[in-house]
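Colleague: There's a structure below that I have some questions on.
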Amino acid sequence: MAKYQLLLPKMGESVAEATVIKWIKNPGDKVNADDAVMEIATDKVDSDVPSPVAGRLVEQLYKENDVVQVGAVIAIIETDEPEAAPAIVQPESTPEVKPAGESKIAESTYHETVQFKEIEKTPEPELNEIQSESLAGIPGLDQLGQKSSPASLFKSEGRFYSPLVRNIAAQEGISIDELDSISGTGSEGRLTKDDLLNYLQAKTSTAAQNGQPSASVSTPPAEAVKVAEPVKEAQPVAEKVNTPVQDPQPVPQPVIPASPEPVKTEVTKTAPVEQRPVPATSVTGTDEIIEMDRMRRLIADHMVMSKQTSPHVTSFVEADVTNLVLWREKVKNSFEKREGEKITFTPIFIEAVVKAIKDFPMINVSVNGTQIIKKAAINISMATALPSGNLIVPVIKKADELNLVGLTKAVNDLANRARIGKLQPDDVKDGTFTITNVGSFGNVMGTPIINQPQVAILAVGAIKKKPAVIETKEGDMIAIRHMMFLSLSYDHRVVDGALGGSFVRRVADYLEKWDSSREV
């Protein structure tokens, strides 16, 4: 009986972890191929994790509400397939002679057997220490993106830090020693992102209360400074050897790594006590303190990250969409009878955006360091408000290949499934440009935040009847027209005012020149 390691699949760009909401299958339950094993939640979408193989669930490796990294083993499923690997392992004849071996084939075979033996020897292996050799035969491995080597995820003593935690620590200048001193609330004491953010907040507030940097809090800094001074003079090594009494005491090797931050390591011994910020209290007793839910915290992080990443610029254009409004009013009833779908303004806006992207393809890009990645596909993300008050952004893939009927059906399907929580991970990834309809809330315009890693987002405002000047053969006239504002926020690193302004103007042109006799 082979044991299959079920991995948490990749769920879209920028998604590094997910929270276990509920286990659908329990140990001992029979699992068919494509059966949902567990429910998970990310900042993008709530979804099920299916099993690509049939068998029996042997072990659940995470509990409900645990945070799991993408690519981690979440469950063990026993299948009916024979275990092929042990059969290859059997040649125990001369395991020590083979590495010196005669041929490359013998060498590689020996290497595989040693790896397999190590796994068998440890009865309870670390969940995340999965050797690449043992994954080679696992089906569904292509669902993962390229992963960093396990060595980069573990400290030498063995404590696990997720890539997200390591990135935050690197940005904040937190050393590995300081990370080790922070207690975690995750599974088996694992340090989560929230633990680290709470620690940083507590550390900042402590320094602010003291009115000076945290260095003044600890008592041993004087010793640290004394130790640090000889190190600066330790450049001439020969002189250092000749001074027998004073200099040998601080051994050069251990002091050097500690010298850059002698104070920091000292402070961290007391800081963990105040990891969790004291809950806010109301002076009047009438204010209500509401803790953000998981999705709201992740949305907040994503929005802040976008503003820190991209210099935002917003351009506005007012469009006369009278012909478009009258055309939709004329065809909406017959369209619904024929197609079984209501035609809203959103698919019409998307069609105009797709045409404008074809005219200005450099708006359909993303940034990777100093590289501009020009996207071949036009995948339109559409911001959708949820009943909970949160926001989700499903994606219409290859929107340029759909006609207006196809766009209408895609928009309605994604919007309906988003509101009832039935979106799949694939429904929210790979977007290249975003549209948000602020007009649905009665707003006439907005300055939306870019949905990273995209470089532009279009906000469409409410359509209002207004007096406007129109040109006729008889001269200028004032008439009541249906008017709306389009607002384009774009990343000024790669999109300048000429491109951003021309793009949003082109979208308005397509809407204003709508053919009122168009058949659909």
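Here, A, B, ... name the chains of the structure tokens in the order displayed, residue numbers run from 1 inside each chain, and ligands are numbered from 1 in the same displayed order.
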Using the chain letters and numbers from this document, which residues of stretch 323-397 of chain A does DSSP assign to helix (DSSP H, G or I), as a PDB file with N, CA and C atoms, in the first residue's frame?
Modeller:
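Saved as states33.pdb:
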```pdb
ATOM      1  N   ASN A 323     -26.046  57.143 -25.920  1.00  0.00           N
ATOM      2  CA  ASN A 323     -26.384  56.115 -26.914  1.00  0.00           C
ATOM      3  C   ASN A 323     -26.310  54.713 -26.314  1.00  0.00           C
ATOM      4  N   LEU A 324     -25.313  54.498 -25.471  1.00  0.00           N
ATOM      5  CA  LEU A 324     -25.139  53.198 -24.830  1.00  0.00           C
ATOM      6  C   LEU A 324     -26.299  52.884 -23.887  1.00  0.00           C
ATOM      7  N   VAL A 325     -26.711  53.865 -23.084  1.00  0.00           N
ATOM      8  CA  VAL A 325     -27.799  53.664 -22.128  1.00  0.00           C
ATOM      9  C   VAL A 325     -29.103  53.357 -22.860  1.00  0.00           C
ATOM     10  N   LEU A 326     -29.399  54.130 -23.919  1.00  0.00           N
ATOM     11  CA  LEU A 326     -30.635  53.920 -24.671  1.00  0.00           C
ATOM     12  C   LEU A 326     -30.620  52.568 -25.377  1.00  0.00           C
ATOM     13  N   TRP A 327     -29.462  52.153 -25.894  1.00  0.00           N
ATOM     14  CA  TRP A 327     -29.358  50.838 -26.565  1.00  0.00           C
ATOM     15  C   TRP A 327     -29.635  49.706 -25.583  1.00  0.00           C
ATOM     16  N   ARG A 328     -29.028  49.775 -24.402  1.00  0.00           N
ATOM     17  CA  ARG A 328     -29.247  48.705 -23.409  1.00  0.00           C
ATOM     18  C   ARG A 328     -30.714  48.663 -22.992  1.00  0.00           C
ATOM     19  N   GLU A 329     -31.313  49.823 -22.817  1.00  0.00           N
ATOM     20  CA  GLU A 329     -32.730  49.867 -22.427  1.00  0.00           C
ATOM     21  C   GLU A 329     -33.599  49.193 -23.487  1.00  0.00           C
ATOM     22  N   LYS A 330     -33.178  49.321 -24.734  1.00  0.00           N
ATOM     23  CA  LYS A 330     -33.952  48.768 -25.850  1.00  0.00           C
ATOM     24  C   LYS A 330     -33.820  47.242 -25.947  1.00  0.00           C
ATOM     25  N   VAL A 331     -32.631  46.694 -25.650  1.00  0.00           N
ATOM     26  CA  VAL A 331     -32.390  45.264 -25.903  1.00  0.00           C
ATOM     27  C   VAL A 331     -32.443  44.383 -24.649  1.00  0.00           C
ATOM     28  N   LYS A 332     -32.489  44.969 -23.434  1.00  0.00           N
ATOM     29  CA  LYS A 332     -32.298  44.159 -22.237  1.00  0.00           C
ATOM     30  C   LYS A 332     -33.379  43.089 -22.042  1.00  0.00           C
ATOM     31  N   ASN A 333     -34.622  43.399 -22.372  1.00  0.00           N
ATOM     32  CA  ASN A 333     -35.690  42.413 -22.165  1.00  0.00           C
ATOM     33  C   ASN A 333     -35.583  41.253 -23.151  1.00  0.00           C
ATOM     34  N   SER A 334     -35.366  41.569 -24.426  1.00  0.00           N
ATOM     35  CA  SER A 334     -35.247  40.500 -25.424  1.00  0.00           C
ATOM     36  C   SER A 334     -33.974  39.677 -25.184  1.00  0.00           C
ATOM     37  N   PHE A 335     -32.927  40.326 -24.730  1.00  0.00           N
ATOM     38  CA  PHE A 335     -31.680  39.608 -24.435  1.00  0.00           C
ATOM     39  C   PHE A 335     -31.905  38.608 -23.304  1.00  0.00           C
ATOM     40  N   GLU A 336     -32.584  39.037 -22.252  1.00  0.00           N
ATOM     41  CA  GLU A 336     -32.811  38.145 -21.109  1.00  0.00           C
ATOM     42  C   GLU A 336     -33.685  36.962 -21.497  1.00  0.00           C
ATOM     43  N   LYS A 337     -34.705  37.201 -22.349  1.00  0.00           N
ATOM     44  CA  LYS A 337     -35.568  36.092 -22.791  1.00  0.00           C
ATOM     45  C   LYS A 337     -34.792  35.087 -23.624  1.00  0.00           C
ATOM     46  N   ARG A 338     -33.937  35.590 -24.496  1.00  0.00           N
ATOM     47  CA  ARG A 338     -33.190  34.703 -25.393  1.00  0.00           C
ATOM     48  C   ARG A 338     -32.034  33.982 -24.693  1.00  0.00           C
ATOM     49  N   GLU A 339     -31.282  34.681 -23.859  1.00  0.00           N
ATOM     50  CA  GLU A 339     -30.063  34.119 -23.262  1.00  0.00           C
ATOM     51  C   GLU A 339     -30.252  33.624 -21.836  1.00  0.00           C
ATOM     52  N   PHE A 345     -24.263  46.855 -17.301  1.00  0.00           N
ATOM     53  CA  PHE A 345     -23.265  47.723 -17.942  1.00  0.00           C
ATOM     54  C   PHE A 345     -21.850  47.144 -17.839  1.00  0.00           C
ATOM     55  N   THR A 346     -21.623  46.285 -16.831  1.00  0.00           N
ATOM     56  CA  THR A 346     -20.253  45.789 -16.593  1.00  0.00           C
ATOM     57  C   THR A 346     -19.642  45.085 -17.806  1.00  0.00           C
ATOM     58  N   PRO A 347     -20.334  44.119 -18.447  1.00  0.00           N
ATOM     59  CA  PRO A 347     -19.716  43.490 -19.622  1.00  0.00           C
ATOM     60  C   PRO A 347     -19.464  44.473 -20.768  1.00  0.00           C
ATOM     61  N   ILE A 348     -20.291  45.512 -20.855  1.00  0.00           N
ATOM     62  CA  ILE A 348     -20.090  46.528 -21.895  1.00  0.00           C
ATOM     63  C   ILE A 348     -18.810  47.319 -21.598  1.00  0.00           C
ATOM     64  N   PHE A 349     -18.618  47.681 -20.328  1.00  0.00           N
ATOM     65  CA  PHE A 349     -17.388  48.377 -19.936  1.00  0.00           C
ATOM     66  C   PHE A 349     -16.160  47.492 -20.203  1.00  0.00           C
ATOM     67  N   ILE A 350     -16.283  46.206 -19.882  1.00  0.00           N
ATOM     68  CA  ILE A 350     -15.161  45.283 -20.079  1.00  0.00           C
ATOM     69  C   ILE A 350     -14.808  45.186 -21.560  1.00  0.00           C
ATOM     70  N   GLU A 351     -15.809  45.129 -22.427  1.00  0.00           N
ATOM     71  CA  GLU A 351     -15.548  45.055 -23.867  1.00  0.00           C
ATOM     72  C   GLU A 351     -14.769  46.285 -24.336  1.00  0.00           C
ATOM     73  N   ALA A 352     -15.160  47.474 -23.830  1.00  0.00           N
ATOM     74  CA  ALA A 352     -14.463  48.704 -24.221  1.00  0.00           C
ATOM     75  C   ALA A 352     -13.022  48.702 -23.703  1.00  0.00           C
ATOM     76  N   VAL A 353     -12.821  48.195 -22.492  1.00  0.00           N
ATOM     77  CA  VAL A 353     -11.475  48.123 -21.913  1.00  0.00           C
ATOM     78  C   VAL A 353     -10.588  47.179 -22.723  1.00  0.00           C
ATOM     79  N   VAL A 354     -11.140  46.031 -23.114  1.00  0.00           N
ATOM     80  CA  VAL A 354     -10.368  45.052 -23.899  1.00  0.00           C
ATOM     81  C   VAL A 354      -9.907  45.676 -25.220  1.00  0.00           C
ATOM     82  N   LYS A 355     -10.812  46.403 -25.870  1.00  0.00           N
ATOM     83  CA  LYS A 355     -10.441  47.061 -27.132  1.00  0.00           C
ATOM     84  C   LYS A 355      -9.324  48.086 -26.909  1.00  0.00           C
ATOM     85  N   ALA A 356      -9.431  48.845 -25.813  1.00  0.00           N
ATOM     86  CA  ALA A 356      -8.411  49.858 -25.522  1.00  0.00           C
ATOM     87  C   ALA A 356      -7.067  49.208 -25.176  1.00  0.00           C
ATOM     88  N   ILE A 357      -7.086  48.064 -24.485  1.00  0.00           N
ATOM     89  CA  ILE A 357      -5.838  47.351 -24.167  1.00  0.00           C
ATOM     90  C   ILE A 357      -5.153  46.896 -25.451  1.00  0.00           C
ATOM     91  N   LYS A 358      -5.931  46.475 -26.435  1.00  0.00           N
ATOM     92  CA  LYS A 358      -5.336  46.085 -27.720  1.00  0.00           C
ATOM     93  C   LYS A 358      -4.669  47.285 -28.396  1.00  0.00           C
ATOM     94  N   ASP A 359      -5.251  48.461 -28.195  1.00  0.00           N
ATOM     95  CA  ASP A 359      -4.664  49.674 -28.764  1.00  0.00           C
ATOM     96  C   ASP A 359      -3.423  50.134 -27.984  1.00  0.00           C
ATOM     97  N   PRO A 361      -1.152  48.156 -25.560  1.00  0.00           N
ATOM     98  CA  PRO A 361      -0.787  46.912 -24.853  1.00  0.00           C
ATOM     99  C   PRO A 361       0.152  47.113 -23.670  1.00  0.00           C
ATOM    100  N   MET A 362       0.835  48.242 -23.581  1.00  0.00           N
ATOM    101  CA  MET A 362       1.761  48.458 -22.454  1.00  0.00           C
ATOM    102  C   MET A 362       1.037  48.789 -21.151  1.00  0.00           C
ATOM    103  N   ILE A 363      -0.283  48.847 -21.198  1.00  0.00           N
ATOM    104  CA  ILE A 363      -1.058  49.001 -19.961  1.00  0.00           C
ATOM    105  C   ILE A 363      -1.321  47.623 -19.354  1.00  0.00           C
TER     106      ILE A 363
END
```
Colleague: Give me the residues near A:Glu172 as a VMD selection string, where near means some atom within 12 Å (using only C-alpha atoms) and where sequence neighbours in that chain fewer than 5 positions away do not count.
Modeller: chain A and resid 165 to 167 178 to 179 196 to 197 199 to 201 203 to 204
Colleague: Please write the residues from the selection above to a file, keeping N, CA, C and O atoms, as a tab-separated table (two decimals), in the first residue's frame.
Modeller:
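Wrote again03.tsv, looks like this:
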```tsv
chain	number	residue	atom	x	y	z
A	165	VAL	N	7.12	35.23	6.74
A	165	VAL	CA	7.71	35.68	8.00
A	165	VAL	C	9.15	36.13	7.78
A	165	VAL	O	9.60	37.16	8.28
A	166	ARG	N	9.90	35.35	6.97
A	166	ARG	CA	11.30	35.71	6.71
A	166	ARG	C	11.40	37.04	5.95
A	166	ARG	O	12.29	37.86	6.21
A	167	ASN	N	10.49	37.27	5.00
A	167	ASN	CA	10.51	38.52	4.24
A	167	ASN	C	10.24	39.72	5.14
A	167	ASN	O	10.90	40.76	5.06
A	178	GLU	N	16.85	36.97	17.00
A	178	GLU	CA	15.70	37.69	17.54
A	178	GLU	C	14.41	36.95	17.22
A	178	GLU	O	13.50	36.87	18.05
A	179	LEU	N	14.32	36.38	16.02
A	179	LEU	CA	13.15	35.57	15.66
A	179	LEU	C	13.00	34.38	16.61
A	179	LEU	O	11.90	34.04	17.03
A	196	LEU	N	4.56	37.89	14.48
A	196	LEU	CA	5.66	38.80	14.19
A	196	LEU	C	5.18	40.24	14.13
A	196	LEU	O	5.83	41.16	14.65
A	197	LEU	N	4.00	40.47	13.50
A	197	LEU	CA	3.48	41.84	13.42
A	197	LEU	C	3.12	42.38	14.80
A	197	LEU	O	3.36	43.55	15.12
A	199	TYR	N	4.53	41.46	17.58
A	199	TYR	CA	5.81	41.69	18.25
A	199	TYR	C	6.41	43.05	17.82
A	199	TYR	O	6.87	43.83	18.66
A	200	LEU	N	6.36	43.32	16.51
A	200	LEU	CA	6.91	44.58	16.01
A	200	LEU	C	6.12	45.78	16.55
A	200	LEU	O	6.69	46.81	16.90
A	201	GLN	N	4.80	45.59	16.63
A	201	GLN	CA	3.97	46.68	17.15
A	201	GLN	C	4.27	46.94	18.62
A	201	GLN	O	4.40	48.08	19.06
A	203	LYS	N	7.01	46.21	20.17
A	203	LYS	CA	8.38	46.74	20.28
A	203	LYS	C	8.40	48.25	19.98
A	203	LYS	O	9.06	49.03	20.67
A	204	THR	N	7.63	48.66	18.95
A	204	THR	CA	7.57	50.07	18.59
A	204	THR	C	6.93	50.90	19.70
A	204	THR	O	7.40	51.97	20.05
```
Colleague: A:Val73: which residues within 7 Å, counting only C-alpha atoms, same-chain residues fewer than 5 positions away excluded, as a PyMOL selection string?
Modeller: chain A and resi 5-8+127
Colleague: Hey, can you spit out that residue selection with N, CA, C and O atoms as a PDB file, in the first residue's frame?
Modeller:
```
ATOM      1  N   GLN A   5       1.285  11.750  -0.323  1.00  0.00           N
ATOM      2  CA  GLN A   5       1.338  12.979   0.457  1.00  0.00           C
ATOM      3  C   GLN A   5       0.554  14.076  -0.281  1.00  0.00           C
ATOM      4  O   GLN A   5       0.976  14.543  -1.331  1.00  0.00           O
ATOM      5  N   LEU A   6      -0.576  14.462   0.291  1.00  0.00           N
ATOM      6  CA  LEU A   6      -1.416  15.492  -0.315  1.00  0.00           C
ATOM      7  C   LEU A   6      -0.853  16.867   0.041  1.00  0.00           C
ATOM      8  O   LEU A   6      -0.671  17.190   1.219  1.00  0.00           O
ATOM      9  N   LEU A   7      -0.579  17.678  -0.983  1.00  0.00           N
ATOM     10  CA  LEU A   7       0.022  18.996  -0.785  1.00  0.00           C
ATOM     11  C   LEU A   7      -1.024  20.096  -0.914  1.00  0.00           C
ATOM     12  O   LEU A   7      -2.017  19.942  -1.624  1.00  0.00           O
ATOM     13  N   LEU A   8      -0.779  21.204  -0.206  1.00  0.00           N
ATOM     14  CA  LEU A   8      -1.635  22.381  -0.377  1.00  0.00           C
ATOM     15  C   LEU A   8      -1.288  23.017  -1.720  1.00  0.00           C
ATOM     16  O   LEU A   8      -0.152  23.443  -1.930  1.00  0.00           O
ATOM     17  N   LEU A 127       7.164  17.769   9.222  1.00  0.00           N
ATOM     18  CA  LEU A 127       6.218  17.813   8.113  1.00  0.00           C
ATOM     19  C   LEU A 127       6.782  18.540   6.913  1.00  0.00           C
ATOM     20  O   LEU A 127       6.505  18.196   5.784  1.00  0.00           O
TER      21      LEU A 127
END
```
Colleague: Just want the 12 Å neighbourhood of stretch 414-418 of chain A, counted on only C-alpha atoms, with same-chain residues fewer than 3 positions away dropped. Output as number ranges by chain.
Modeller: A: 44-47, 341, 344, 346-347, 380-388, 390-397, 407-411, 421-428
Colleague: Which residue out of A:Met295, A:Ala462, A:Ile289, A:Ala376 has the minimum interatomic distance to A:Val444 when only C-alpha atoms are used?
Modeller: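 That would be A:Ala462, the residue with the smallest distance to A:Val444.
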Colleague: With a distance cut-off of 12 Å and only C-alpha atoms, select the neighbouring residues of A:Thr42, excluding the residue or stretch itself and same-chain residues fewer than 6 positions from it, and output the selection as a PyMOL selection string.
Modeller: chain A and resi 8-21+48+65+67-70+293-299+392+423-425+428
Colleague: Report, in Å with one decimal, the straight-line distance from atom CA of A:Lys375 to atom CA of A:Ile450.
Modeller: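 Taking atom CA of A:Lys375 as the start and atom CA of A:Ile450 as the end point, the length is 16.6 Å.
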